[in-house]
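Student: CSV, C-alpha atoms, saved as target-v7.csv, coming up:
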chain,number,residue,atom,x,y,z
A,19,MET,CA,9.0,11.7,9.0
A,20,GLN,CA,10.3,12.3,5.5
A,21,ALA,CA,8.6,10.6,2.5
A,22,ASP,CA,11.6,8.3,1.9
A,23,GLU,CA,11.7,7.2,5.5
A,24,LEU,CA,7.9,6.6,5.5
A,25,ARG,CA,8.2,4.5,2.3
A,26,ASP,CA,10.9,2.4,3.9
A,27,PHE,CA,8.8,2.0,7.1
A,28,VAL,CA,5.8,0.8,5.0
A,29,ILE,CA,8.0,-1.7,3.1
A,30,ASP,CA,9.5,-3.0,6.3
A,31,LYS,CA,6.1,-3.5,8.0
A,32,ILE,CA,4.4,-5.2,5.0
A,33,GLU,CA,7.4,-7.5,4.6
A,34,ASP,CA,7.0,-8.5,8.3
A,35,ILE,CA,3.5,-9.9,7.5
A,36,LYS,CA,4.6,-11.6,4.2
A,37,ALA,CA,3.1,-9.2,1.6
A,38,ARG,CA,4.0,-10.5,-1.9
A,39,ASP,CA,5.3,-8.8,-5.0
A,40,ILE,CA,6.0,-5.4,-3.5
A,41,GLN,CA,6.3,-2.6,-6.0
A,42,VAL,CA,7.2,1.0,-5.2
A,43,LEU,CA,6.1,3.7,-7.6
A,44,ASP,CA,7.6,7.2,-7.3
A,45,VAL,CA,4.6,9.4,-8.3
A,46,HIS,CA,5.7,12.8,-6.9
A,47,ASP,CA,5.9,14.2,-10.4
A,48,LYS,CA,2.5,12.8,-11.4
A,49,THR,CA,0.2,13.8,-8.6
A,50,ASP,CA,0.0,16.0,-5.5
A,51,VAL,CA,-1.7,13.3,-3.5
A,52,ALA,CA,1.4,11.3,-2.6
A,53,ASP,CA,5.1,11.0,-3.3
A,54,PHE,CA,5.1,7.2,-3.4
A,55,MET,CA,2.6,4.4,-4.0
A,56,VAL,CA,3.4,1.0,-2.6
A,57,ILE,CA,1.5,-1.9,-4.2
A,58,CYS,CA,1.5,-5.4,-2.9
A,59,SER,CA,-0.5,-8.6,-3.0
A,60,GLY,CA,-2.1,-10.8,-0.3
A,61,SER,CA,-2.9,-14.4,-0.8
A,62,SER,CA,-6.5,-14.2,0.4
A,63,LYS,CA,-9.1,-11.6,1.6
A,64,THR,CA,-7.9,-12.3,5.2
A,65,HIS,CA,-4.3,-11.8,4.3
A,66,VAL,CA,-5.1,-8.5,2.4
A,67,LYS,CA,-7.0,-7.2,5.4
A,68,SER,CA,-4.3,-8.3,7.8
A,69,ILE,CA,-1.6,-6.5,5.9
A,70,ALA,CA,-3.5,-3.3,5.9
A,71,GLU,CA,-4.5,-3.5,9.5
A,72,TYR,CA,-1.0,-4.4,10.6
A,73,LEU,CA,0.5,-1.4,8.8
A,74,ALA,CA,-2.2,0.9,10.2
A,75,THR,CA,-1.6,-0.3,13.8
A,76,GLU,CA,2.2,0.0,13.4
A,77,ALA,CA,1.9,3.5,11.9
A,78,LYS,CA,-0.3,4.6,14.8
A,79,HIS,CA,2.3,3.3,17.3
A,80,ALA,CA,5.1,5.1,15.4
A,81,GLY,CA,3.1,8.4,15.8
A,82,PHE,CA,1.7,8.9,12.3
A,83,PRO,CA,-1.8,7.4,12.1
A,84,PRO,CA,-3.3,6.8,8.7
A,85,ILE,CA,-5.4,9.6,7.1
A,86,GLY,CA,-7.8,7.0,5.8
A,87,ILE,CA,-8.3,3.3,5.1
A,88,GLU,CA,-10.7,2.1,2.4
A,89,GLY,CA,-11.9,-1.3,1.2
A,90,GLY,CA,-11.5,-3.2,4.5
A,91,GLU,CA,-15.0,-4.6,4.3
A,92,GLN,CA,-14.6,-6.4,1.0
A,93,SER,CA,-10.8,-6.9,1.5
A,94,GLU,CA,-10.1,-7.5,-2.2
A,95,TRP,CA,-8.3,-4.1,-2.5
A,96,VAL,CA,-7.5,-2.2,0.7
A,97,LEU,CA,-5.9,1.3,0.5
A,98,VAL,CA,-4.0,2.8,3.4
A,99,ASP,CA,-3.4,6.5,3.1
A,100,LEU,CA,-0.4,7.7,5.1
A,101,GLY,CA,-0.1,11.1,3.3
A,102,ASP,CA,3.2,11.0,1.5
A,103,VAL,CA,2.8,7.2,1.0
A,104,VAL,CA,-0.3,5.3,-0.2
A,105,LEU,CA,-0.4,1.6,0.2
A,106,HIS,CA,-2.5,-0.6,-2.1
A,107,VAL,CA,-3.0,-4.1,-0.9
A,108,MET,CA,-4.7,-6.3,-3.5
A,109,GLN,CA,-5.7,-9.9,-4.2
A,110,GLU,CA,-3.9,-11.1,-7.3
A,111,THR,CA,-7.0,-11.2,-9.5
A,112,ILE,CA,-7.9,-7.6,-8.6
A,113,ARG,CA,-4.3,-6.5,-9.1
A,114,ASP,CA,-4.1,-8.1,-12.6
A,115,PHE,CA,-7.4,-6.4,-13.6
A,116,TYR,CA,-6.5,-2.9,-12.5
A,117,GLN,CA,-2.8,-3.0,-13.3
A,118,LEU,CA,-1.9,0.1,-11.2
A,119,GLU,CA,1.8,-0.4,-12.0
A,120,LYS,CA,1.1,0.3,-15.7
A,121,LEU,CA,-1.3,3.2,-14.9
A,122,TRP,CA,1.0,5.1,-12.6
A,123,GLY,CA,4.3,3.8,-14.0
A,124,GLN,CA,4.0,5.5,-17.4
Take the structure in the file and give it back as structure tokens.

Tutor:
Amino acid sequence: MQADELRDFVIDKIEDIKARDIQVLDVHDKTDVADFMVICSGSSKTHVKSIAEYLATEAKHAGFPPIGIEGGEQSEWVLVDLGDVVLHVMQETIRDFYQLEKLWGQ
């Protein structure tokens, strides 16, 4: 699957489970780690964890399991690494504190 298709897949799946304030950052010229970072918010720790787990499950079913998932135990910020696309699911307070959009958007 191409990076653009994977990005669209991620967005579609997290929209299914009501992720909020979805932002897509094209970082292919800033890092070799990924082409896109998708950042979204969940309304609670449970919602954050559910978004990440749902995406991981759907990605496995589609034939491209995540390379890694970090932060599921605390569920304030969960990262799902799909290779070309990295998803950051965050609670609002954590997202406001780290401001990844500003860090990677410059």

Student: For Leu100 of chain A, which residue out of A:Ile112, A:Ser61, A:Leu118, A:Ala21 is the nearest one, using all atoms listed in the file?

Tutor: A:Ala21

Student: May I ask which of the residues A:Gly123, A:Ala37, A:Trp95, A:Phe82 is the closest one to Gln20 of chain A, counting all atoms listed in the file?

Tutor: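 Checking each candidate against Gln20 of chain A, we get A:Phe82 as the closest.
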
Student: Suppose you want the space between atom CA of Ile85 of chain A and atom CA of Gly101 of chain A; what is it in Å?

Tutor: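 Separating atom CA of Ile85 of chain A from atom CA of Gly101 of chain A is a distance of 6.7 Å.
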
Student: Figure out the distance between atom CA of His46 of chain A and atom CA of Cys58 of chain A, please, to one decimal in Å.

Tutor: 19.1 Å

Student: What's the 8 Å shell around Val107 of chain A, counting all atoms listed in the file, without same-chain residues fewer than 4 positions away, as a ChimeraX atom specification?

Tutor: /A:57-60,66,69-70,94-97

Student: Rank nothing, just name the residue among A:Asp102, A:Asp39, A:Asp44, A:Asp50 nearest to Phe27 of chain A, using all atoms listed in the file.

Tutor: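 Checking each candidate against Phe27 of chain A, we get A:Asp102 as the closest.
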
Student: From the list A:Val56, A:Ala74, A:Met108, A:Leu121, which residue is nearest Ile29 of chain A when using all atoms listed in the file?

Tutor: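 Closest to Ile29 of chain A of all the choices is A:Val56.
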
Student: Using only C-alpha atoms, which of the listed residues (A:Ser68, A:Ser62, A:Gln117, A:Thr111) sits closest to Gln41 of chain A?

Tutor: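 Selected residue with least distance to Gln41 of chain A: A:Gln117.
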
Student: Take atom CA of Tyr72 of chain A and atom CA of Asp53 of chain A and report the distance between them in Å, one decimal.

Tutor: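 Taking atom CA of Tyr72 of chain A and atom CA of Asp53 of chain A, their separation equals 21.6 Å.
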
Student: Could you check which of A:Val28, A:Arg113, A:Ala52, A:Ser93 is closest to Leu73 of chain A, using only C-alpha atoms?

Tutor: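 Closest to Leu73 of chain A of all the choices is A:Val28.
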
Student: Emit as AutoDock Vina command-line options the padded axis-aligned box for all listed atoms of segment 70-79 of chain A, 4 Å per side, with centre and edge lengths in Å to one decimal.

Tutor:
--center_x -1.1 --center_y 0.1 --center_z 11.6 --size_x 14.8 --size_y 17.0 --size_z 19.4

Student: Will you model N, CA, C and O atoms for segment 70-96 of chain A and pass it back as a PDB file, keeping the file's coordinate frame?

Tutor:
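Written out: result_9.pdb:
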ATOM      1  N   ALA A  70      -3.089  -4.670   5.711  1.00  0.00           N
ATOM      2  CA  ALA A  70      -3.500  -3.300   5.900  1.00  0.00           C
ATOM      3  C   ALA A  70      -3.693  -2.920   7.352  1.00  0.00           C
ATOM      4  O   ALA A  70      -3.244  -1.854   7.802  1.00  0.00           O
ATOM      5  N   GLU A  71      -4.323  -3.798   8.121  1.00  0.00           N
ATOM      6  CA  GLU A  71      -4.500  -3.500   9.500  1.00  0.00           C
ATOM      7  C   GLU A  71      -3.232  -3.477  10.318  1.00  0.00           C
ATOM      8  O   GLU A  71      -3.054  -2.643  11.209  1.00  0.00           O
ATOM      9  N   TYR A  72      -2.304  -4.369   9.968  1.00  0.00           N
ATOM     10  CA  TYR A  72      -1.000  -4.400  10.600  1.00  0.00           C
ATOM     11  C   TYR A  72      -0.251  -3.089  10.384  1.00  0.00           C
ATOM     12  O   TYR A  72       0.295  -2.478  11.311  1.00  0.00           O
ATOM     13  N   LEU A  73      -0.228  -2.650   9.128  1.00  0.00           N
ATOM     14  CA  LEU A  73       0.500  -1.400   8.800  1.00  0.00           C
ATOM     15  C   LEU A  73      -0.199  -0.229   9.551  1.00  0.00           C
ATOM     16  O   LEU A  73       0.496   0.611  10.126  1.00  0.00           O
ATOM     17  N   ALA A  74      -1.518  -0.167   9.543  1.00  0.00           N
ATOM     18  CA  ALA A  74      -2.200   0.900  10.200  1.00  0.00           C
ATOM     19  C   ALA A  74      -1.899   0.958  11.709  1.00  0.00           C
ATOM     20  O   ALA A  74      -1.626   2.020  12.276  1.00  0.00           O
ATOM     21  N   THR A  75      -1.878  -0.195  12.341  1.00  0.00           N
ATOM     22  CA  THR A  75      -1.600  -0.300  13.800  1.00  0.00           C
ATOM     23  C   THR A  75      -0.132   0.148  14.045  1.00  0.00           C
ATOM     24  O   THR A  75       0.133   0.927  14.970  1.00  0.00           O
ATOM     25  N   GLU A  76       0.803  -0.354  13.253  1.00  0.00           N
ATOM     26  CA  GLU A  76       2.200   0.000  13.400  1.00  0.00           C
ATOM     27  C   GLU A  76       2.456   1.484  13.180  1.00  0.00           C
ATOM     28  O   GLU A  76       3.248   2.108  13.877  1.00  0.00           O
ATOM     29  N   ALA A  77       1.776   2.054  12.193  1.00  0.00           N
ATOM     30  CA  ALA A  77       1.900   3.500  11.900  1.00  0.00           C
ATOM     31  C   ALA A  77       1.394   4.317  13.081  1.00  0.00           C
ATOM     32  O   ALA A  77       2.016   5.307  13.467  1.00  0.00           O
ATOM     33  N   LYS A  78       0.269   3.905  13.650  1.00  0.00           N
ATOM     34  CA  LYS A  78      -0.300   4.600  14.800  1.00  0.00           C
ATOM     35  C   LYS A  78       0.725   4.567  15.977  1.00  0.00           C
ATOM     36  O   LYS A  78       0.967   5.577  16.636  1.00  0.00           O
ATOM     37  N   HIS A  79       1.320   3.399  16.222  1.00  0.00           N
ATOM     38  CA  HIS A  79       2.300   3.300  17.300  1.00  0.00           C
ATOM     39  C   HIS A  79       3.545   4.104  17.060  1.00  0.00           C
ATOM     40  O   HIS A  79       4.185   4.555  17.997  1.00  0.00           O
ATOM     41  N   ALA A  80       3.882   4.330  15.799  1.00  0.00           N
ATOM     42  CA  ALA A  80       5.100   5.100  15.400  1.00  0.00           C
ATOM     43  C   ALA A  80       4.752   6.621  15.431  1.00  0.00           C
ATOM     44  O   ALA A  80       5.644   7.431  15.214  1.00  0.00           O
ATOM     45  N   GLY A  81       3.489   6.979  15.642  1.00  0.00           N
ATOM     46  CA  GLY A  81       3.100   8.400  15.800  1.00  0.00           C
ATOM     47  C   GLY A  81       2.594   9.050  14.501  1.00  0.00           C
ATOM     48  O   GLY A  81       2.456  10.263  14.457  1.00  0.00           O
ATOM     49  N   PHE A  82       2.271   8.290  13.494  1.00  0.00           N
ATOM     50  CA  PHE A  82       1.700   8.900  12.300  1.00  0.00           C
ATOM     51  C   PHE A  82       0.511   7.997  11.822  1.00  0.00           C
ATOM     52  O   PHE A  82       0.657   7.184  10.921  1.00  0.00           O
ATOM     53  N   PRO A  83      -0.653   8.173  12.456  1.00  0.00           N
ATOM     54  CA  PRO A  83      -1.800   7.400  12.100  1.00  0.00           C
ATOM     55  C   PRO A  83      -2.261   7.615  10.664  1.00  0.00           C
ATOM     56  O   PRO A  83      -2.053   8.703  10.128  1.00  0.00           O
ATOM     57  N   PRO A  84      -2.850   6.617  10.037  1.00  0.00           N
ATOM     58  CA  PRO A  84      -3.300   6.800   8.700  1.00  0.00           C
ATOM     59  C   PRO A  84      -4.373   7.882   8.545  1.00  0.00           C
ATOM     60  O   PRO A  84      -5.179   8.090   9.441  1.00  0.00           O
ATOM     61  N   ILE A  85      -4.344   8.564   7.415  1.00  0.00           N
ATOM     62  CA  ILE A  85      -5.400   9.600   7.100  1.00  0.00           C
ATOM     63  C   ILE A  85      -6.672   8.881   6.802  1.00  0.00           C
ATOM     64  O   ILE A  85      -7.736   9.366   7.150  1.00  0.00           O
ATOM     65  N   GLY A  86      -6.578   7.716   6.170  1.00  0.00           N
ATOM     66  CA  GLY A  86      -7.800   7.000   5.800  1.00  0.00           C
ATOM     67  C   GLY A  86      -7.441   5.546   5.417  1.00  0.00           C
ATOM     68  O   GLY A  86      -6.325   5.259   4.983  1.00  0.00           O
ATOM     69  N   ILE A  87      -8.430   4.675   5.577  1.00  0.00           N
ATOM     70  CA  ILE A  87      -8.300   3.300   5.100  1.00  0.00           C
ATOM     71  C   ILE A  87      -9.618   2.966   4.408  1.00  0.00           C
ATOM     72  O   ILE A  87     -10.702   3.194   4.941  1.00  0.00           O
ATOM     73  N   GLU A  88      -9.501   2.455   3.193  1.00  0.00           N
ATOM     74  CA  GLU A  88     -10.700   2.100   2.400  1.00  0.00           C
ATOM     75  C   GLU A  88     -10.615   0.700   1.908  1.00  0.00           C
ATOM     76  O   GLU A  88      -9.544   0.191   1.598  1.00  0.00           O
ATOM     77  N   GLY A  89     -11.773   0.049   1.828  1.00  0.00           N
ATOM     78  CA  GLY A  89     -11.900  -1.300   1.200  1.00  0.00           C
ATOM     79  C   GLY A  89     -11.766  -2.430   2.211  1.00  0.00           C
ATOM     80  O   GLY A  89     -11.769  -3.584   1.803  1.00  0.00           O
ATOM     81  N   GLY A  90     -11.689  -2.169   3.488  1.00  0.00           N
ATOM     82  CA  GLY A  90     -11.500  -3.200   4.500  1.00  0.00           C
ATOM     83  C   GLY A  90     -12.695  -4.173   4.594  1.00  0.00           C
ATOM     84  O   GLY A  90     -12.518  -5.325   4.980  1.00  0.00           O
ATOM     85  N   GLU A  91     -13.873  -3.710   4.233  1.00  0.00           N
ATOM     86  CA  GLU A  91     -15.000  -4.600   4.300  1.00  0.00           C
ATOM     87  C   GLU A  91     -15.009  -5.696   3.308  1.00  0.00           C
ATOM     88  O   GLU A  91     -15.311  -6.842   3.620  1.00  0.00           O
ATOM     89  N   GLN A  92     -14.638  -5.376   2.081  1.00  0.00           N
ATOM     90  CA  GLN A  92     -14.600  -6.400   1.000  1.00  0.00           C
ATOM     91  C   GLN A  92     -13.221  -7.117   1.040  1.00  0.00           C
ATOM     92  O   GLN A  92     -13.146  -8.295   0.708  1.00  0.00           O
ATOM     93  N   SER A  93     -12.166  -6.382   1.356  1.00  0.00           N
ATOM     94  CA  SER A  93     -10.800  -6.900   1.500  1.00  0.00           C
ATOM     95  C   SER A  93     -10.270  -7.562   0.192  1.00  0.00           C
ATOM     96  O   SER A  93      -9.435  -8.450   0.247  1.00  0.00           O
ATOM     97  N   GLU A  94     -10.749  -7.086  -0.939  1.00  0.00           N
ATOM     98  CA  GLU A  94     -10.100  -7.500  -2.200  1.00  0.00           C
ATOM     99  C   GLU A  94      -9.062  -6.502  -2.598  1.00  0.00           C
ATOM    100  O   GLU A  94      -8.086  -6.854  -3.234  1.00  0.00           O
ATOM    101  N   TRP A  95      -9.294  -5.230  -2.212  1.00  0.00           N
ATOM    102  CA  TRP A  95      -8.300  -4.100  -2.500  1.00  0.00           C
ATOM    103  C   TRP A  95      -8.490  -3.182  -1.294  1.00  0.00           C
ATOM    104  O   TRP A  95      -9.528  -2.565  -1.113  1.00  0.00           O
ATOM    105  N   VAL A  96      -7.467  -3.070  -0.482  1.00  0.00           N
ATOM    106  CA  VAL A  96      -7.500  -2.200   0.700  1.00  0.00           C
ATOM    107  C   VAL A  96      -6.444  -1.098   0.461  1.00  0.00           C
ATOM    108  O   VAL A  96      -5.295  -1.398   0.134  1.00  0.00           O
TER     109      VAL A  96
END
